[in-house]
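Everything below belongs to protein-v6.csv, which stores CSV, N, CA and C atoms.
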```csv
chain,number,residue,atom,x,y,z
B,229,MET,N,-19.0,2.8,-9.6
B,229,MET,CA,-17.7,2.1,-9.6
B,229,MET,C,-17.9,0.6,-9.2
B,230,ASN,N,-17.5,-0.3,-10.0
B,230,ASN,CA,-17.6,-1.7,-9.7
B,230,ASN,C,-16.5,-2.2,-8.7
B,231,ALA,N,-16.6,-3.4,-8.3
B,231,ALA,CA,-15.7,-3.9,-7.3
B,231,ALA,C,-14.2,-3.9,-7.8
B,232,SER,N,-14.0,-4.3,-9.1
B,232,SER,CA,-12.6,-4.3,-9.6
B,232,SER,C,-12.0,-2.9,-9.7
B,233,GLU,N,-12.8,-1.9,-10.0
B,233,GLU,CA,-12.4,-0.5,-10.0
B,233,GLU,C,-12.1,0.0,-8.6
B,234,ARG,N,-12.9,-0.4,-7.7
B,234,ARG,CA,-12.7,0.0,-6.3
B,234,ARG,C,-11.4,-0.7,-5.7
B,235,PHE,N,-11.2,-2.0,-6.1
B,235,PHE,CA,-10.0,-2.7,-5.7
B,235,PHE,C,-8.7,-2.0,-6.3
B,236,ALA,N,-8.8,-1.6,-7.6
B,236,ALA,CA,-7.7,-0.9,-8.2
B,236,ALA,C,-7.4,0.4,-7.5
B,237,ALA,N,-8.5,1.1,-7.0
B,237,ALA,CA,-8.3,2.3,-6.3
B,237,ALA,C,-7.7,2.0,-4.9
B,238,TRP,N,-8.1,0.9,-4.3
B,238,TRP,CA,-7.5,0.5,-3.0
B,238,TRP,C,-6.0,0.3,-3.2
B,239,GLN,N,-5.6,-0.4,-4.3
B,239,GLN,CA,-4.2,-0.7,-4.6
B,239,GLN,C,-3.4,0.6,-4.8
B,240,ARG,N,-4.0,1.6,-5.5
B,240,ARG,CA,-3.4,2.9,-5.7
B,240,ARG,C,-3.2,3.6,-4.4
B,241,ALA,N,-4.2,3.6,-3.5
B,241,ALA,CA,-4.0,4.2,-2.2
B,241,ALA,C,-2.9,3.6,-1.4
B,242,ARG,N,-2.8,2.3,-1.5
B,242,ARG,CA,-1.7,1.6,-0.7
B,242,ARG,C,-0.3,2.0,-1.3
B,243,MET,N,-0.3,2.1,-2.7
B,243,MET,CA,1.0,2.5,-3.3
B,243,MET,C,1.4,3.9,-2.9
B,244,HIS,N,0.4,4.8,-2.8
B,244,HIS,CA,0.7,6.2,-2.4
B,244,HIS,C,1.2,6.2,-1.0
B,245,LEU,N,0.7,5.3,-0.1
B,245,LEU,CA,1.3,5.2,1.3
B,245,LEU,C,2.8,4.9,1.2
B,246,ILE,N,3.1,3.9,0.4
B,246,ILE,CA,4.5,3.4,0.3
B,246,ILE,C,5.4,4.5,-0.2
B,247,VAL,N,5.0,5.1,-1.3
B,247,VAL,CA,5.8,6.1,-2.0
B,247,VAL,C,5.9,7.4,-1.2
B,248,SER,N,4.9,7.7,-0.4
B,248,SER,CA,4.9,9.0,0.4
B,248,SER,C,6.0,8.9,1.5
B,249,GLN,N,6.4,7.7,1.8
B,249,GLN,CA,7.4,7.5,2.9
B,249,GLN,C,8.9,7.6,2.4
B,250,ILE,N,9.1,7.6,1.1
B,250,ILE,CA,10.4,7.5,0.5
B,250,ILE,C,11.2,8.8,0.7
B,251,ALA,N,10.6,9.9,0.3
B,251,ALA,CA,11.3,11.2,0.4
B,251,ALA,C,11.7,11.6,1.9
B,252,PRO,N,10.7,11.6,2.8
B,252,PRO,CA,11.1,11.9,4.2
B,252,PRO,C,12.1,11.0,4.8
B,253,THR,N,12.0,9.7,4.5
B,253,THR,CA,12.9,8.8,5.0
B,253,THR,C,14.3,9.0,4.4
B,254,ALA,N,14.4,9.3,3.1
B,254,ALA,CA,15.7,9.6,2.5
B,254,ALA,C,16.3,10.8,3.1
B,255,LEU,N,15.5,11.9,3.3
B,255,LEU,CA,16.0,13.1,3.9
B,255,LEU,C,16.5,12.9,5.3
B,256,LEU,N,15.8,12.1,6.1
B,256,LEU,CA,16.3,11.8,7.5
B,256,LEU,C,17.6,11.1,7.5
B,257,ILE,N,17.7,10.1,6.6
B,257,ILE,CA,18.9,9.3,6.5
B,257,ILE,C,20.1,10.2,6.0
B,258,THR,N,19.8,11.0,5.0
B,258,THR,CA,20.8,11.9,4.5
B,258,THR,C,21.3,12.9,5.6
B,259,THR,N,20.4,13.4,6.4
B,259,THR,CA,20.7,14.3,7.4
B,259,THR,C,21.6,13.7,8.5
B,260,ILE,N,21.3,12.5,8.8
B,260,ILE,CA,22.1,11.8,9.8
B,260,ILE,C,23.5,11.5,9.2
B,261,ALA,N,23.5,11.1,8.0
B,261,ALA,CA,24.8,10.9,7.3
B,261,ALA,C,25.6,12.2,7.3
B,262,LEU,N,25.0,13.3,7.0
B,262,LEU,CA,25.7,14.6,6.9
B,262,LEU,C,26.2,15.1,8.3
B,263,LEU,N,25.5,14.6,9.4
B,263,LEU,CA,26.0,14.9,10.7
B,263,LEU,C,27.4,14.3,10.9
B,264,GLN,N,27.6,13.2,10.3
B,264,GLN,CA,28.9,12.5,10.4
B,264,GLN,C,30.0,13.3,9.7
B,265,PHE,N,29.6,14.1,8.7
B,265,PHE,CA,30.6,14.9,7.9
B,265,PHE,C,30.6,16.4,8.3
B,266,GLY,N,30.0,16.7,9.5
B,266,GLY,CA,30.2,18.1,10.0
B,266,GLY,C,29.0,19.0,9.8
B,267,LEU,N,27.8,18.5,9.6
B,267,LEU,CA,26.6,19.4,9.5
B,267,LEU,C,26.4,20.2,10.7
B,268,ALA,N,26.7,19.6,11.9
B,268,ALA,CA,26.5,20.3,13.1
B,268,ALA,C,27.4,21.5,13.3
B,269,GLU,N,28.5,21.6,12.6
B,269,GLU,CA,29.5,22.6,12.7
B,269,GLU,C,29.3,23.7,11.6
B,270,THR,N,28.3,23.6,10.8
B,270,THR,CA,28.1,24.6,9.7
B,270,THR,C,27.5,25.8,10.3
B,271,SER,N,27.2,26.8,9.5
B,271,SER,CA,26.6,28.1,10.0
B,271,SER,C,25.2,27.8,10.5
B,272,LEU,N,24.8,28.7,11.4
B,272,LEU,CA,23.4,28.5,12.0
B,272,LEU,C,22.4,28.6,10.9
B,273,ALA,N,22.6,29.4,9.9
B,273,ALA,CA,21.6,29.5,8.8
B,273,ALA,C,21.5,28.2,8.1
B,274,THR,N,22.6,27.5,7.8
B,274,THR,CA,22.5,26.2,7.1
B,274,THR,C,21.8,25.2,8.0
B,275,ARG,N,22.1,25.2,9.3
B,275,ARG,CA,21.5,24.2,10.2
B,275,ARG,C,20.0,24.5,10.3
B,276,VAL,N,19.6,25.7,10.4
B,276,VAL,CA,18.1,26.1,10.4
B,276,VAL,C,17.4,25.7,9.1
B,277,ALA,N,18.1,26.0,8.0
B,277,ALA,CA,17.5,25.6,6.7
B,277,ALA,C,17.4,24.1,6.6
B,278,THR,N,18.3,23.4,7.1
B,278,THR,CA,18.2,21.9,7.1
B,278,THR,C,17.0,21.4,7.9
B,279,LEU,N,16.9,22.0,9.1
B,279,LEU,CA,15.7,21.6,9.9
B,279,LEU,C,14.4,22.0,9.2
B,280,GLY,N,14.4,23.2,8.5
B,280,GLY,CA,13.2,23.6,7.8
B,280,GLY,C,12.8,22.7,6.7
B,281,ILE,N,13.8,22.2,6.0
B,281,ILE,CA,13.5,21.3,4.9
B,281,ILE,C,13.0,20.0,5.4
B,282,LEU,N,13.6,19.5,6.5
B,282,LEU,CA,13.1,18.3,7.1
B,282,LEU,C,11.7,18.4,7.6
B,283,LEU,N,11.4,19.6,8.3
B,283,LEU,CA,10.0,19.8,8.8
B,283,LEU,C,9.0,19.9,7.7
B,284,ALA,N,9.3,20.6,6.6
B,284,ALA,CA,8.4,20.7,5.5
B,284,ALA,C,8.1,19.4,4.9
B,285,SER,N,9.2,18.6,4.6
B,285,SER,CA,9.0,17.3,4.0
B,285,SER,C,8.2,16.4,4.9
B,286,GLY,N,8.5,16.4,6.2
B,286,GLY,CA,7.8,15.6,7.2
B,286,GLY,C,6.3,15.9,7.2
B,287,ILE,N,6.0,17.2,7.2
B,287,ILE,CA,4.5,17.6,7.3
B,287,ILE,C,3.8,17.2,6.0
B,288,LEU,N,4.5,17.4,4.9
B,288,LEU,CA,3.9,17.0,3.6
B,288,LEU,C,3.7,15.5,3.5
B,289,GLY,N,4.7,14.7,4.0
B,289,GLY,CA,4.7,13.3,4.0
B,289,GLY,C,3.6,12.8,4.9
B,290,ALA,N,3.4,13.4,6.1
B,290,ALA,CA,2.4,13.0,7.0
B,290,ALA,C,1.0,13.2,6.4
B,291,LEU,N,0.8,14.4,5.8
B,291,LEU,CA,-0.5,14.7,5.2
B,291,LEU,C,-0.8,13.7,4.1
B,292,VAL,N,0.1,13.4,3.2
B,292,VAL,CA,-0.1,12.4,2.2
B,292,VAL,C,-0.5,11.1,2.7
B,293,GLN,N,0.3,10.6,3.7
B,293,GLN,CA,0.1,9.3,4.4
B,293,GLN,C,-1.3,9.3,5.0
B,294,PHE,N,-1.7,10.3,5.7
B,294,PHE,CA,-3.0,10.3,6.4
B,294,PHE,C,-4.1,10.3,5.4
B,295,GLN,N,-4.0,11.1,4.3
B,295,GLN,CA,-5.0,11.2,3.3
B,295,GLN,C,-5.1,9.8,2.6
B,296,SER,N,-4.0,9.3,2.2
B,296,SER,CA,-4.0,8.0,1.5
B,296,SER,C,-4.5,6.9,2.4
B,297,ALA,N,-4.2,6.9,3.6
B,297,ALA,CA,-4.7,5.8,4.6
B,297,ALA,C,-6.2,6.0,4.8
B,298,SER,N,-6.6,7.2,4.9
B,298,SER,CA,-8.1,7.5,5.0
B,298,SER,C,-8.9,7.0,3.8
B,299,GLU,N,-8.3,7.3,2.6
B,299,GLU,CA,-8.9,6.9,1.4
B,299,GLU,C,-8.9,5.4,1.3
B,300,ALA,N,-7.8,4.7,1.6
B,300,ALA,CA,-7.7,3.3,1.5
B,300,ALA,C,-8.7,2.7,2.5
B,301,GLU,N,-8.9,3.3,3.7
B,301,GLU,CA,-9.8,2.8,4.7
B,301,GLU,C,-11.2,2.9,4.2
B,302,ARG,N,-11.6,4.0,3.6
B,302,ARG,CA,-12.9,4.2,3.0
B,302,ARG,C,-13.2,3.1,1.9
B,303,ILE,N,-12.3,3.0,1.0
B,303,ILE,CA,-12.4,2.0,-0.1
B,303,ILE,C,-12.5,0.6,0.5
B,304,GLY,N,-11.6,0.3,1.4
B,304,GLY,CA,-11.5,-1.0,2.0
B,304,GLY,C,-12.8,-1.4,2.7
B,305,LYS,N,-13.4,-0.5,3.4
B,305,LYS,CA,-14.7,-0.8,4.0
B,305,LYS,C,-15.8,-1.1,3.0
B,306,ASP,N,-15.7,-0.4,1.8
B,306,ASP,CA,-16.7,-0.8,0.7
B,306,ASP,C,-16.4,-2.2,0.2
B,307,LEU,N,-15.1,-2.6,0.1
B,307,LEU,CA,-14.8,-3.8,-0.4
B,307,LEU,C,-14.9,-5.0,0.5
B,308,ALA,N,-14.9,-4.7,1.8
B,308,ALA,CA,-14.8,-5.8,2.9
B,308,ALA,C,-15.8,-6.8,2.7
B,309,GLY,N,-17.0,-6.5,2.3
B,309,GLY,CA,-18.1,-7.5,2.2
B,309,GLY,C,-18.1,-8.2,0.9
B,310,GLY,N,-17.3,-7.8,-0.1
B,310,GLY,CA,-17.4,-8.4,-1.4
B,310,GLY,C,-16.3,-9.5,-1.7
B,311,GLU,N,-16.1,-9.6,-3.0
B,311,GLU,CA,-15.1,-10.7,-3.4
B,311,GLU,C,-13.7,-10.4,-3.1
B,312,TYR,N,-13.4,-9.1,-2.8
B,312,TYR,CA,-12.0,-8.8,-2.4
B,312,TYR,C,-11.9,-8.6,-0.9
B,313,GLY,N,-12.9,-9.0,-0.2
B,313,GLY,CA,-13.0,-8.8,1.3
B,313,GLY,C,-11.8,-9.4,2.0
B,314,ASP,N,-11.4,-10.6,1.7
B,314,ASP,CA,-10.3,-11.3,2.4
B,314,ASP,C,-9.0,-10.6,2.2
B,315,THR,N,-8.8,-10.1,1.0
B,315,THR,CA,-7.5,-9.4,0.7
B,315,THR,C,-7.5,-8.1,1.4
B,316,VAL,N,-8.6,-7.4,1.5
B,316,VAL,CA,-8.6,-6.0,2.1
B,316,VAL,C,-8.7,-6.0,3.6
B,317,SER,N,-9.6,-6.8,4.1
B,317,SER,CA,-9.9,-6.8,5.5
B,317,SER,C,-8.7,-6.9,6.4
B,318,GLY,N,-7.7,-7.7,6.0
B,318,GLY,CA,-6.5,-7.9,6.8
B,318,GLY,C,-5.7,-6.6,6.9
B,319,SER,N,-5.7,-5.8,5.9
B,319,SER,CA,-5.0,-4.6,5.9
B,319,SER,C,-5.6,-3.4,6.6
B,320,LEU,N,-7.0,-3.5,6.8
B,320,LEU,CA,-7.7,-2.3,7.4
B,320,LEU,C,-7.3,-2.1,8.8
B,321,GLY,N,-7.0,-3.1,9.5
B,321,GLY,CA,-6.6,-3.0,10.9
B,321,GLY,C,-5.2,-2.3,11.1
B,322,TRP,N,-4.4,-2.3,10.1
B,322,TRP,CA,-3.1,-1.7,10.2
B,322,TRP,C,-3.0,-0.2,9.7
B,323,LEU,N,-4.1,0.3,9.2
B,323,LEU,CA,-4.0,1.7,8.6
B,323,LEU,C,-3.8,2.8,9.7
B,324,TRP,N,-3.9,2.4,10.9
B,324,TRP,CA,-3.6,3.4,12.0
B,324,TRP,C,-2.1,3.7,12.0
B,325,VAL,N,-1.3,2.7,11.5
B,325,VAL,CA,0.2,2.9,11.5
B,325,VAL,C,0.6,4.1,10.7
B,326,PRO,N,0.2,4.2,9.4
B,326,PRO,CA,0.6,5.4,8.6
B,326,PRO,C,-0.2,6.6,9.0
B,327,LYS,N,-1.3,6.5,9.6
B,327,LYS,CA,-2.1,7.6,9.9
B,327,LYS,C,-1.6,8.3,11.2
B,328,PHE,N,-1.1,7.5,12.2
B,328,PHE,CA,-0.7,8.1,13.5
B,328,PHE,C,0.7,7.7,13.9
B,329,LEU,N,1.1,6.5,13.8
B,329,LEU,CA,2.3,6.0,14.3
B,329,LEU,C,3.5,6.6,13.5
B,330,THR,N,3.5,6.5,12.2
B,330,THR,CA,4.6,7.0,11.4
B,330,THR,C,4.8,8.5,11.6
B,331,PRO,N,3.8,9.4,11.6
B,331,PRO,CA,4.1,10.8,11.9
B,331,PRO,C,4.6,11.0,13.3
B,332,ALA,N,4.2,10.2,14.3
B,332,ALA,CA,4.7,10.3,15.7
B,332,ALA,C,6.2,9.9,15.7
B,333,VAL,N,6.6,8.9,15.0
B,333,VAL,CA,8.0,8.5,14.9
B,333,VAL,C,8.8,9.6,14.3
B,334,PHE,N,8.3,10.2,13.2
B,334,PHE,CA,9.0,11.3,12.6
B,334,PHE,C,9.2,12.4,13.6
B,335,VAL,N,8.2,12.8,14.4
B,335,VAL,CA,8.4,13.8,15.4
B,335,VAL,C,9.5,13.5,16.3
B,336,VAL,N,9.5,12.3,16.8
B,336,VAL,CA,10.6,11.9,17.7
B,336,VAL,C,12.0,12.0,17.1
B,337,ILE,N,12.1,11.5,15.8
B,337,ILE,CA,13.4,11.6,15.1
B,337,ILE,C,13.7,13.1,14.8
B,338,TYR,N,12.7,13.9,14.5
B,338,TYR,CA,13.0,15.3,14.2
B,338,TYR,C,13.5,16.0,15.4
B,339,ILE,N,12.9,15.7,16.6
B,339,ILE,CA,13.3,16.4,17.8
B,339,ILE,C,14.8,15.9,18.1
B,340,ALA,N,15.1,14.7,17.9
B,340,ALA,CA,16.5,14.2,18.1
B,340,ALA,C,17.4,14.9,17.2
B,341,LEU,N,17.0,15.1,15.9
B,341,LEU,CA,17.9,15.8,15.0
B,341,LEU,C,18.0,17.3,15.3
B,342,VAL,N,17.0,17.9,15.8
B,342,VAL,CA,17.1,19.3,16.3
B,342,VAL,C,18.1,19.4,17.4
B,343,TRP,N,18.1,18.5,18.3
B,343,TRP,CA,19.1,18.5,19.4
B,343,TRP,C,20.5,18.3,18.8
B,344,ALA,N,20.6,17.3,17.9
B,344,ALA,CA,22.0,17.0,17.4
B,344,ALA,C,22.5,18.1,16.5
B,345,ILE,N,21.6,18.8,15.8
B,345,ILE,CA,22.1,19.9,14.9
B,345,ILE,C,22.3,21.2,15.6
B,346,LEU,N,21.5,21.5,16.6
B,346,LEU,CA,21.6,22.8,17.2
B,346,LEU,C,22.4,22.8,18.5
B,347,PHE,N,22.5,21.7,19.2
B,347,PHE,CA,23.1,21.7,20.5
B,347,PHE,C,24.4,20.9,20.5
```

Written as structure tokens, that's how I'd like the structure from this file.
Amino acid sequence: MNASERFAAWQRARMHLIVSQIAPTALLITTIALLQFGLAETSLATRVATLGILLASGILGALVQFQSASEAERIGKDLAGGEYGDTVSGSLGWLWVPKFLTPAVFVVIYIALVWAILF
């Protein structure tokens, strides 16, 4: 794989990171909006199902983000010494955010929503 193909792979991995955040974020926002319209007063089964959907999408989103960030990191390290090094090297230091911080923030928001929905 030449440098331009590796750079294209780097860009695809970055795009996967961005796209993988859309569905979980939309679900969290929708759930918070639904709380304003009475979600917390629905049947226990509906509330548990809501929390299950959020948990499943959060786990899937975290897995995709971690995998995409790891792939981007691997490709970025290959590119760091070449012609795309300046473009890539600045982003390598931030890949810990989607790998670790974003899932941690989801956990905190999820716990808050569990509290809001069940208690």

Give me the residues within 10 Å of B:Ser296 as an mmCIF file with N, CA and C atoms, in the frame of the given file, counting only C-alpha atoms and dropping any in the same chain fewer than 4 places off.
```
data_model
loop_
_atom_site.group_PDB
_atom_site.id
_atom_site.type_symbol
_atom_site.label_atom_id
_atom_site.label_comp_id
_atom_site.auth_asym_id
_atom_site.auth_seq_id
_atom_site.Cartn_x
_atom_site.Cartn_y
_atom_site.Cartn_z
ATOM 1 N N TRP B 238 -8.100 0.900 -4.300
ATOM 2 C CA TRP B 238 -7.500 0.500 -3.000
ATOM 3 C C TRP B 238 -6.000 0.300 -3.200
ATOM 4 N N ARG B 240 -4.000 1.600 -5.500
ATOM 5 C CA ARG B 240 -3.400 2.900 -5.700
ATOM 6 C C ARG B 240 -3.200 3.600 -4.400
ATOM 7 N N ALA B 241 -4.200 3.600 -3.500
ATOM 8 C CA ALA B 241 -4.000 4.200 -2.200
ATOM 9 C C ALA B 241 -2.900 3.600 -1.400
ATOM 10 N N ARG B 242 -2.800 2.300 -1.500
ATOM 11 C CA ARG B 242 -1.700 1.600 -0.700
ATOM 12 C C ARG B 242 -0.300 2.000 -1.300
ATOM 13 N N MET B 243 -0.300 2.100 -2.700
ATOM 14 C CA MET B 243 1.000 2.500 -3.300
ATOM 15 C C MET B 243 1.400 3.900 -2.900
ATOM 16 N N HIS B 244 0.400 4.800 -2.800
ATOM 17 C CA HIS B 244 0.700 6.200 -2.400
ATOM 18 C C HIS B 244 1.200 6.200 -1.000
ATOM 19 N N LEU B 245 0.700 5.300 -0.100
ATOM 20 C CA LEU B 245 1.300 5.200 1.300
ATOM 21 C C LEU B 245 2.800 4.900 1.200
ATOM 22 N N ILE B 246 3.100 3.900 0.400
ATOM 23 C CA ILE B 246 4.500 3.400 0.300
ATOM 24 C C ILE B 246 5.400 4.500 -0.200
ATOM 25 N N SER B 248 4.900 7.700 -0.400
ATOM 26 C CA SER B 248 4.900 9.000 0.400
ATOM 27 C C SER B 248 6.000 8.900 1.500
ATOM 28 N N ALA B 290 3.400 13.400 6.100
ATOM 29 C CA ALA B 290 2.400 13.000 7.000
ATOM 30 C C ALA B 290 1.000 13.200 6.400
ATOM 31 N N LEU B 291 0.800 14.400 5.800
ATOM 32 C CA LEU B 291 -0.500 14.700 5.200
ATOM 33 C C LEU B 291 -0.800 13.700 4.100
ATOM 34 N N VAL B 292 0.100 13.400 3.200
ATOM 35 C CA VAL B 292 -0.100 12.400 2.200
ATOM 36 C C VAL B 292 -0.500 11.100 2.700
ATOM 37 N N ALA B 300 -7.800 4.700 1.600
ATOM 38 C CA ALA B 300 -7.700 3.300 1.500
ATOM 39 C C ALA B 300 -8.700 2.700 2.500
ATOM 40 N N GLU B 301 -8.900 3.300 3.700
ATOM 41 C CA GLU B 301 -9.800 2.800 4.700
ATOM 42 C C GLU B 301 -11.200 2.900 4.200
ATOM 43 N N ARG B 302 -11.600 4.000 3.600
ATOM 44 C CA ARG B 302 -12.900 4.200 3.000
ATOM 45 C C ARG B 302 -13.200 3.100 1.900
ATOM 46 N N LEU B 323 -4.100 0.300 9.200
ATOM 47 C CA LEU B 323 -4.000 1.700 8.600
ATOM 48 C C LEU B 323 -3.800 2.800 9.700
ATOM 49 N N PRO B 326 0.200 4.200 9.400
ATOM 50 C CA PRO B 326 0.600 5.400 8.600
ATOM 51 C C PRO B 326 -0.200 6.600 9.000
ATOM 52 N N LYS B 327 -1.300 6.500 9.600
ATOM 53 C CA LYS B 327 -2.100 7.600 9.900
ATOM 54 C C LYS B 327 -1.600 8.300 11.200
#
```

Could you state the separation of atom N of B:Phe328 and atom N of B:Ala308 in Å, given to one decimal place?
21.2 Å

Can you measure atom CA of B:Leu341 to atom CA of B:Gly289 for me? One decimal in Å is fine.
17.4 Å

Find the spatial neighbours of stretch 250-253 of chain B, counting only N, CA and C atoms, within a cut-off of 8 Å - ignore same-chain residues fewer than 6 positions away - and output them as an MDAnalysis selection string.
chainID B and resid 259 282 285:287 289

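Comparing B:Ile303, B:Leu255, B:Ala284, B:Val247 by their smallest distance to B:Phe235, the closest is B:Ile303 (using all atoms listed in the file).
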